[in-house]
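Undergrad: If you scroll down you'll find the structure; I have some questions about it.
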Amino acid sequence: MLVEVAREAIAADRVDEAAELARRRERVLLTPVINATGVLLHTNLGRAPLAHAVDASYTNLELDLETGARGSRQAVVGRLLATACGAEAAIVVNNCASAVLLALAALGAGRPVAVSRGELVEIGGAFRVPDVMAQSGAQLVEVGTTNRTRLADYGRAVDEAGAVATLKVHQSNYRIVGFTEETSVAELATLGVPVVADIGSGLLDSACPWLDGPPPRWLDGEPAARQTLAAGADLVLFSGDKLFGGPQAGIIAGRADLVAACGRHPLARALRPGGLVLSALQATTLAYLRRDGQAIPFWRMASVPAAGLRKRASAVIDRAGLAGARAVDTESVPGGGTLPGVTIPSAGIRLPGDHVDALRRRDRPVIARVDGGATICDLRTVNPDDDHALADALAATEADAPGHDRSRVAP
């Protein structure tokens, strides 16, 4: 990389800028950042934060230690996930889009599958349900209207069009309000064909037994894997790196025979994750099973009371010696295309002026937001271990601002 930069600098007659060009080239590499945006599942910042390390050793990824025969990389983690969400079986693929693709290919290739017109969604990255269905080989049968879809609409698709399954897609990143009607999973289960429910964000259980106290109010109305299966879904599909709080993955859980059909499909091998993802997913799932929400960084951040964040904000301001800054109440959001319009009470730091570019260009980048002409650093998404680094970044930013009295900056 340095040789390339040197050649570019020479060719452009910018030799004296070679060091700066090299630094810019280095900054395109993946690097840790401080997320002060208040967006818990920030897609641009990798969604759910996760710390996971393994020794450089072989593992029993596809070895049955009991028999010595070849095993399945899906068996152990799949069993844990099935237990966690109340399913008969589960397997893991690369992401939720992969889960939708594989489930439709295994259950509906060459055959009709019914989907409400109000659920033919597009999410980030140009993921469109009709396009994924086309790639799977399933024949899309649109039922109902954008705002109202009844059980009878699905019934006609099954009886008249021969639909072999119904696909229910959670409207993760938008809401339809007003004159609306949708068909529940429990109603769809009465039609006699498999119900495949893409619940998207990956809430495991609406009761949140891994947290102390009742479920957070901001989760009201969010579908959960355990309750969706209990309502009659034959398969649930969800992401591993959103509300589940694990690595990027797609989980398919539900009836053993349907999960097995997904696992036997040729696409399953193309979409399967590697050992590092499965290891991280195993660690996250075990934390759920022992009801230890504090071991999952997303839930640890999401469940901190706003009062505690306000105390941290005051401490950061004091450490940085920020004359113009103050602790303020803010509103965080879940992010990651989940729970649109939902906010979580939070607290952070308000620094007059727009400093987001300067903060982002730090050696340890700080990603903040601007609101009303001021820079806001929301502490809900900042690891407490990074408070000192944030204070240093804010102090340097204010010190470099035009007209600032440098004598007032704390050492």
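Every chain in the structure tokens takes a letter, A first, then B, and so on in the order presented; its residues are numbered from 1, and the ligands are numbered from 1 following the presented order.
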Determine which residues of region 91-292 of chain A receive a DSSP assignment of strand (DSSP E), computed from the backbone, and state them as a PyMOL selection string.

TA: chain A and resi 91-93+112-116+122-123+127-128+139-143+165-169+195-200+235-239+250-254

Undergrad: Grab the residues selected above and save them as an mmCIF file, in the first residue's frame with N, CA and C atoms.

TA:
data_model
loop_
_atom_site.group_PDB
_atom_site.id
_atom_site.type_symbol
_atom_site.label_atom_id
_atom_site.label_comp_id
_atom_site.auth_asym_id
_atom_site.auth_seq_id
_atom_site.Cartn_x
_atom_site.Cartn_y
_atom_site.Cartn_z
ATOM 1 N N ILE A 91 -31.666 -23.522 11.722
ATOM 2 C CA ILE A 91 -30.383 -23.473 11.030
ATOM 3 C C ILE A 91 -30.004 -22.016 10.822
ATOM 4 N N VAL A 92 -28.732 -21.812 10.430
ATOM 5 C CA VAL A 92 -28.182 -20.464 10.307
ATOM 6 C C VAL A 92 -27.637 -20.261 8.893
ATOM 7 N N VAL A 93 -27.925 -19.080 8.331
ATOM 8 C CA VAL A 93 -27.355 -18.683 7.050
ATOM 9 C C VAL A 93 -26.714 -17.304 7.218
ATOM 10 N N PRO A 112 -46.712 -21.473 -6.448
ATOM 11 C CA PRO A 112 -47.199 -20.171 -5.965
ATOM 12 C C PRO A 112 -47.034 -20.013 -4.446
ATOM 13 N N VAL A 113 -46.676 -18.799 -4.029
ATOM 14 C CA VAL A 113 -46.618 -18.416 -2.616
ATOM 15 C C VAL A 113 -47.345 -17.085 -2.482
ATOM 16 N N ALA A 114 -48.255 -17.000 -1.514
ATOM 17 C CA ALA A 114 -49.088 -15.806 -1.353
ATOM 18 C C ALA A 114 -48.447 -14.797 -0.411
ATOM 19 N N VAL A 115 -48.448 -13.522 -0.827
ATOM 20 C CA VAL A 115 -47.918 -12.420 -0.017
ATOM 21 C C VAL A 115 -48.862 -11.233 -0.147
ATOM 22 N N SER A 116 -49.123 -10.561 0.961
ATOM 23 C CA SER A 116 -49.954 -9.360 0.920
ATOM 24 C C SER A 116 -49.261 -8.247 0.145
ATOM 25 N N GLU A 122 -39.423 -3.048 0.438
ATOM 26 C CA GLU A 122 -38.016 -2.840 0.097
ATOM 27 C C GLU A 122 -37.330 -2.285 1.330
ATOM 28 N N ILE A 123 -36.214 -2.891 1.691
ATOM 29 C CA ILE A 123 -35.432 -2.375 2.806
ATOM 30 C C ILE A 123 -34.096 -1.897 2.276
ATOM 31 N N PHE A 127 -32.985 -4.472 -1.140
ATOM 32 C CA PHE A 127 -33.602 -5.775 -0.924
ATOM 33 C C PHE A 127 -35.097 -5.621 -1.121
ATOM 34 N N ARG A 128 -35.632 -6.258 -2.155
ATOM 35 C CA ARG A 128 -37.057 -6.206 -2.450
ATOM 36 C C ARG A 128 -37.631 -7.613 -2.407
ATOM 37 N N GLN A 139 -43.308 -18.580 -7.195
ATOM 38 C CA GLN A 139 -44.197 -17.723 -7.978
ATOM 39 C C GLN A 139 -44.979 -16.804 -7.039
ATOM 40 N N LEU A 140 -44.788 -15.525 -7.181
ATOM 41 C CA LEU A 140 -45.440 -14.544 -6.323
ATOM 42 C C LEU A 140 -46.920 -14.435 -6.669
ATOM 43 N N VAL A 141 -47.765 -14.609 -5.652
ATOM 44 C CA VAL A 141 -49.190 -14.357 -5.787
ATOM 45 C C VAL A 141 -49.527 -13.205 -4.846
ATOM 46 N N GLU A 142 -49.794 -12.032 -5.414
ATOM 47 C CA GLU A 142 -50.124 -10.862 -4.610
ATOM 48 C C GLU A 142 -51.575 -10.946 -4.162
ATOM 49 N N VAL A 143 -51.821 -10.685 -2.886
ATOM 50 C CA VAL A 143 -53.184 -10.743 -2.363
ATOM 51 C C VAL A 143 -53.512 -9.446 -1.624
ATOM 52 N N ALA A 165 -47.822 -22.020 0.197
ATOM 53 C CA ALA A 165 -47.374 -21.405 1.449
ATOM 54 C C ALA A 165 -47.807 -19.950 1.448
ATOM 55 N N THR A 166 -47.845 -19.368 2.643
ATOM 56 C CA THR A 166 -48.053 -17.927 2.763
ATOM 57 C C THR A 166 -46.806 -17.327 3.391
ATOM 58 N N LEU A 167 -46.398 -16.176 2.897
ATOM 59 C CA LEU A 167 -45.244 -15.452 3.437
ATOM 60 C C LEU A 167 -45.741 -14.178 4.075
ATOM 61 N N LYS A 168 -45.466 -14.015 5.362
ATOM 62 C CA LYS A 168 -45.825 -12.783 6.072
ATOM 63 C C LYS A 168 -44.540 -12.032 6.373
ATOM 64 N N VAL A 169 -44.457 -10.794 5.901
ATOM 65 C CA VAL A 169 -43.242 -9.997 6.030
ATOM 66 C C VAL A 169 -43.497 -8.825 6.955
ATOM 67 N N VAL A 195 -46.975 -21.467 7.034
ATOM 68 C CA VAL A 195 -46.871 -20.023 7.216
ATOM 69 C C VAL A 195 -45.415 -19.689 7.487
ATOM 70 N N VAL A 196 -44.805 -18.901 6.608
ATOM 71 C CA VAL A 196 -43.417 -18.461 6.768
ATOM 72 C C VAL A 196 -43.449 -17.000 7.180
ATOM 73 N N ALA A 197 -42.941 -16.698 8.359
ATOM 74 C CA ALA A 197 -43.004 -15.340 8.903
ATOM 75 C C ALA A 197 -41.607 -14.733 8.973
ATOM 76 N N ASP A 198 -41.377 -13.727 8.146
ATOM 77 C CA ASP A 198 -40.120 -12.964 8.213
ATOM 78 C C ASP A 198 -40.346 -11.838 9.222
ATOM 79 N N ILE A 199 -39.858 -12.051 10.468
ATOM 80 C CA ILE A 199 -40.070 -11.042 11.508
ATOM 81 C C ILE A 199 -38.938 -10.025 11.533
ATOM 82 N N GLY A 200 -37.927 -10.223 10.712
ATOM 83 C CA GLY A 200 -36.916 -9.197 10.473
ATOM 84 C C GLY A 200 -35.906 -8.980 11.576
ATOM 85 N N LEU A 235 -42.446 -21.490 10.106
ATOM 86 C CA LEU A 235 -41.054 -21.045 10.107
ATOM 87 C C LEU A 235 -41.022 -19.570 10.474
ATOM 88 N N VAL A 236 -40.043 -19.173 11.268
ATOM 89 C CA VAL A 236 -39.751 -17.754 11.466
ATOM 90 C C VAL A 236 -38.347 -17.489 10.948
ATOM 91 N N LEU A 237 -38.181 -16.318 10.358
ATOM 92 C CA LEU A 237 -36.896 -15.900 9.802
ATOM 93 C C LEU A 237 -36.526 -14.575 10.444
ATOM 94 N N PHE A 238 -35.276 -14.448 10.898
ATOM 95 C CA PHE A 238 -34.882 -13.169 11.502
ATOM 96 C C PHE A 238 -33.376 -12.971 11.430
ATOM 97 N N SER A 239 -32.969 -11.716 11.658
ATOM 98 C CA SER A 239 -31.557 -11.327 11.602
ATOM 99 C C SER A 239 -30.855 -11.630 12.914
ATOM 100 N N GLY A 250 -28.558 -14.999 9.454
ATOM 101 C CA GLY A 250 -29.987 -15.171 9.273
ATOM 102 C C GLY A 250 -30.389 -16.482 9.911
ATOM 103 N N ILE A 251 -31.444 -16.456 10.713
ATOM 104 C CA ILE A 251 -31.880 -17.655 11.425
ATOM 105 C C ILE A 251 -33.202 -18.124 10.839
ATOM 106 N N ILE A 252 -33.287 -19.418 10.569
ATOM 107 C CA ILE A 252 -34.522 -20.075 10.141
ATOM 108 C C ILE A 252 -34.887 -21.058 11.240
ATOM 109 N N ALA A 253 -36.039 -20.859 11.876
ATOM 110 C CA ALA A 253 -36.434 -21.710 12.999
ATOM 111 C C ALA A 253 -37.894 -22.098 12.847
ATOM 112 N N GLY A 254 -38.218 -23.317 13.312
ATOM 113 C CA GLY A 254 -39.606 -23.747 13.244
ATOM 114 C C GLY A 254 -39.757 -25.244 13.157
#

Undergrad: Could you give me, as a compact mmCIF listing (two decimals) with C-alpha atoms, in the first residue's frame, the residues within 8 Å of Gly38 (chain A), counting only C-alpha atoms and dropping anything in the same chain fewer than 5 positions from it?

TA:
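See selection_9.txt below for the written result:
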# COMPACT_ATOMS: atom_id res chain seq x y z
CA GLU A 331 -33.83 10.52 22.19
CA SER A 332 -32.12 7.41 20.89
CA VAL A 333 -33.60 5.12 18.24
CA CYS A 377 -23.18 13.16 21.31
CA ASP A 378 -25.74 10.65 22.59
CA LEU A 379 -24.16 8.48 25.27
CA ARG A 380 -26.57 5.57 24.98
CA THR A 381 -24.50 4.21 22.11

Undergrad: Show which residues sit within 10 Å of Ala19 (chain A), as a PyMOL selection string. Count only C-alpha atoms, and ignore same-chain residues fewer than 6 positions away.

TA: chain A and resi 2+5-6+9+25

Undergrad: Which residue gives the smallest distance to Ser346 (chain A) among A:Ile376, A:Ala51, A:Ala109, A:Leu41, with only C-alpha atoms counted?

TA: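 Of A:Ile376, A:Ala51, A:Ala109, A:Leu41, the one nearest Ser346 (chain A) is A:Ile376, counting only C-alpha atoms.
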
Undergrad: Of the candidates A:Gly192, A:Gly246, A:Gly110, A:Gly263, which one gets nearest to Ala75 (chain A) if we count only C-alpha atoms?

TA: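 So, comparing all the options, the nearest one is A:Gly263.
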
Undergrad: List every residue of region 100-275 of chain A that DSSP, applied to the backbone of this structure, assigns to alpha helix (DSSP H), and report them as a PyMOL selection string.

TA: chain A and resi 100-108+129-136+151-159+185-188+225-230+256-264+266-271+275

Undergrad: Contacts of His170 (chain A) at 10 Å or less, counting only C-alpha atoms, minus same-chain residues fewer than 4 places along, as an MDAnalysis selection string?

TA: chainID A and resid 118:121 174:175 197:201 222:223 338

Undergrad: I'd like the neighbourhood of Glu8 (chain A) as an mmCIF file with N, CA and C atoms, in the first residue's frame, where a residue qualifies if any of its atoms comes within 12 Å (using only C-alpha atoms), though same-chain residues fewer than 3 positions away should be ignored.

TA:
data_model
loop_
_atom_site.group_PDB
_atom_site.id
_atom_site.type_symbol
_atom_site.label_atom_id
_atom_site.label_comp_id
_atom_site.auth_asym_id
_atom_site.auth_seq_id
_atom_site.Cartn_x
_atom_site.Cartn_y
_atom_site.Cartn_z
ATOM 1 N N MET A 1 0.826 -1.206 0.000
ATOM 2 C CA MET A 1 0.000 0.000 0.000
ATOM 3 C C MET A 1 0.862 1.258 0.000
ATOM 4 N N LEU A 2 1.927 1.253 0.786
ATOM 5 C CA LEU A 2 2.793 2.429 0.851
ATOM 6 C C LEU A 2 3.515 2.657 -0.469
ATOM 7 N N VAL A 3 3.892 1.560 -1.131
ATOM 8 C CA VAL A 3 4.543 1.696 -2.434
ATOM 9 C C VAL A 3 3.576 2.329 -3.438
ATOM 10 N N GLU A 4 2.331 1.900 -3.414
ATOM 11 C CA GLU A 4 1.339 2.480 -4.323
ATOM 12 C C GLU A 4 1.162 3.964 -4.067
ATOM 13 N N VAL A 5 1.091 4.340 -2.777
ATOM 14 C CA VAL A 5 0.924 5.750 -2.433
ATOM 15 C C VAL A 5 2.136 6.556 -2.894
ATOM 16 N N ALA A 11 3.958 10.530 -9.259
ATOM 17 C CA ALA A 11 3.318 10.779 -10.553
ATOM 18 C C ALA A 11 2.552 12.096 -10.553
ATOM 19 N N ALA A 12 1.997 12.464 -9.405
ATOM 20 C CA ALA A 12 1.220 13.701 -9.311
ATOM 21 C C ALA A 12 2.067 14.879 -8.867
ATOM 22 N N ASP A 13 3.381 14.661 -8.714
ATOM 23 C CA ASP A 13 4.287 15.716 -8.239
ATOM 24 C C ASP A 13 3.823 16.271 -6.896
ATOM 25 N N ARG A 14 3.437 15.333 -5.987
ATOM 26 C CA ARG A 14 2.954 15.712 -4.647
ATOM 27 C C ARG A 14 3.743 14.947 -3.586
ATOM 28 N N VAL A 15 5.059 14.854 -3.776
ATOM 29 C CA VAL A 15 5.889 14.050 -2.876
ATOM 30 C C VAL A 15 5.794 14.547 -1.437
ATOM 31 N N ASP A 16 5.707 15.845 -1.257
ATOM 32 C CA ASP A 16 5.638 16.380 0.100
ATOM 33 C C ASP A 16 4.331 16.031 0.804
ATOM 34 N N GLU A 17 3.335 15.533 0.049
ATOM 35 C CA GLU A 17 2.054 15.144 0.644
ATOM 36 C C GLU A 17 1.920 13.628 0.789
ATOM 37 N N ALA A 18 3.003 12.902 0.555
ATOM 38 C CA ALA A 18 2.927 11.437 0.558
ATOM 39 C C ALA A 18 2.450 10.885 1.898
ATOM 40 N N ALA A 19 2.931 11.454 2.999
ATOM 41 C CA ALA A 19 2.545 10.945 4.318
ATOM 42 C C ALA A 19 1.047 11.133 4.552
ATOM 43 N N LEU A 21 -1.247 11.386 2.184
ATOM 44 C CA LEU A 21 -1.934 10.458 1.284
ATOM 45 C C LEU A 21 -1.963 9.054 1.868
ATOM 46 N N ALA A 22 -0.869 8.651 2.499
ATOM 47 C CA ALA A 22 -0.818 7.331 3.135
ATOM 48 C C ALA A 22 -1.796 7.244 4.292
ATOM 49 N N ARG A 25 -5.209 6.785 2.936
ATOM 50 C CA ARG A 25 -5.401 5.417 2.454
ATOM 51 C C ARG A 25 -5.643 4.464 3.617
#

Undergrad: So which one's closest to Asn60 (chain A), A:Gly293, A:Gly275, A:Pro365, A:Gly155? Using only C-alpha atoms, please.

TA: A:Gly275

Undergrad: Compile a residue-level contact table for region 64-97 of chain A against region 282-289 of chain A at a cut-off of 7 Å, reporting for every qualifying residue the shortest atom pair and its distance in Å to one decimal, with only C-alpha atoms counted, rows ordered by chain and ascending number, as JSON lines.

TA:
{"residue": "A:Val77", "atom": "CA", "partner": "A:Gln282", "partner_atom": "CA", "distance": 5.6}
{"residue": "A:Leu80", "atom": "CA", "partner": "A:Thr285", "partner_atom": "CA", "distance": 6.6}
{"residue": "A:Leu81", "atom": "CA", "partner": "A:Thr285", "partner_atom": "CA", "distance": 6.4}
{"residue": "A:Ala84", "atom": "CA", "partner": "A:Leu289", "partner_atom": "CA", "distance": 6.2}

Undergrad: Please, could you write that set of residues out with C-alpha atoms as a PDB file, in the first residue's frame?

TA:
ATOM      1  CA  VAL A  77     -25.995 -23.841  17.331  1.00  0.00           C
ATOM      2  CA  LEU A  80     -29.479 -23.841  21.008  1.00  0.00           C
ATOM      3  CA  LEU A  81     -31.423 -21.394  18.849  1.00  0.00           C
ATOM      4  CA  ALA A  84     -34.169 -20.224  22.837  1.00  0.00           C
TER       5      ALA A  84
END

Undergrad: Restricting the calculation to only C-alpha atoms, which member of A:Gly274, A:Gly240, A:Pro340, A:Pro305 is positioned closest to Leu204 (chain A)?

TA: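 Using only C-alpha atoms, the shortest distance to Leu204 (chain A) belongs to A:Gly240.
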
Undergrad: Tell me, as a PDB file with C-alpha atoms, in the first residue's frame, which residues lie within 12 Å of Val39 (chain A), counting only C-alpha atoms; anything in the same chain fewer than 4 positions away does not count.

TA:
ATOM      1  CA  ILE A  34     -17.178   5.694  18.788  1.00  0.00           C
ATOM      2  CA  ASN A  35     -20.874   5.711  17.949  1.00  0.00           C
ATOM      3  CA  THR A  43     -26.242  -0.090   9.704  1.00  0.00           C
ATOM      4  CA  ASN A  44     -23.290   2.052   8.552  1.00  0.00           C
ATOM      5  CA  LEU A  45     -21.480   1.227  11.802  1.00  0.00           C
ATOM      6  CA  GLY A  46     -22.033  -2.527  11.746  1.00  0.00           C
ATOM      7  CA  ARG A  47     -25.391  -2.739  13.585  1.00  0.00           C
ATOM      8  CA  ALA A  48     -25.212  -4.540  16.942  1.00  0.00           C
ATOM      9  CA  PRO A  49     -21.820  -4.111  18.634  1.00  0.00           C
ATOM     10  CA  LYS A 242     -30.306  -6.502  15.054  1.00  0.00           C
ATOM     11  CA  PHE A 298     -26.865  -4.264  22.560  1.00  0.00           C
ATOM     12  CA  MET A 301     -26.698  -0.287  26.071  1.00  0.00           C
ATOM     13  CA  ALA A 302     -30.430  -0.328  25.360  1.00  0.00           C
ATOM     14  CA  THR A 330     -31.915  13.246  23.991  1.00  0.00           C
ATOM     15  CA  GLU A 331     -33.826  10.521  22.195  1.00  0.00           C
ATOM     16  CA  SER A 332     -32.115   7.411  20.892  1.00  0.00           C
ATOM     17  CA  VAL A 333     -33.602   5.124  18.244  1.00  0.00           C
ATOM     18  CA  PRO A 334     -33.274   1.372  17.709  1.00  0.00           C
ATOM     19  CA  GLY A 335     -32.146   1.791  14.075  1.00  0.00           C
ATOM     20  CA  GLY A 336     -31.233  -0.976  11.656  1.00  0.00           C
ATOM     21  CA  GLY A 337     -34.580  -0.666   9.878  1.00  0.00           C
ATOM     22  CA  THR A 338     -36.467  -1.644  13.036  1.00  0.00           C
ATOM     23  CA  LEU A 339     -39.256   0.042  14.976  1.00  0.00           C
ATOM     24  CA  PRO A 340     -39.734   3.137  12.777  1.00  0.00           C
ATOM     25  CA  VAL A 342     -39.914   4.627  18.080  1.00  0.00           C
ATOM     26  CA  THR A 343     -37.589   6.562  20.392  1.00  0.00           C
ATOM     27  CA  ILE A 344     -35.849   5.701  23.647  1.00  0.00           C
ATOM     28  CA  SER A 346     -31.548   9.093  26.542  1.00  0.00           C
ATOM     29  CA  ILE A 367     -19.552   9.700  14.844  1.00  0.00           C
ATOM     30  CA  ALA A 368     -21.985  12.325  16.168  1.00  0.00           C
ATOM     31  CA  ARG A 369     -24.985  14.249  14.811  1.00  0.00           C
ATOM     32  CA  CYS A 377     -23.180  13.158  21.306  1.00  0.00           C
ATOM     33  CA  ASP A 378     -25.736  10.654  22.588  1.00  0.00           C
ATOM     34  CA  LEU A 379     -24.159   8.480  25.270  1.00  0.00           C
ATOM     35  CA  ARG A 380     -26.575   5.572  24.984  1.00  0.00           C
ATOM     36  CA  THR A 381     -24.503   4.206  22.113  1.00  0.00           C
ATOM     37  CA  VAL A 382     -21.115   5.045  23.622  1.00  0.00           C
TER      38      VAL A 382
END
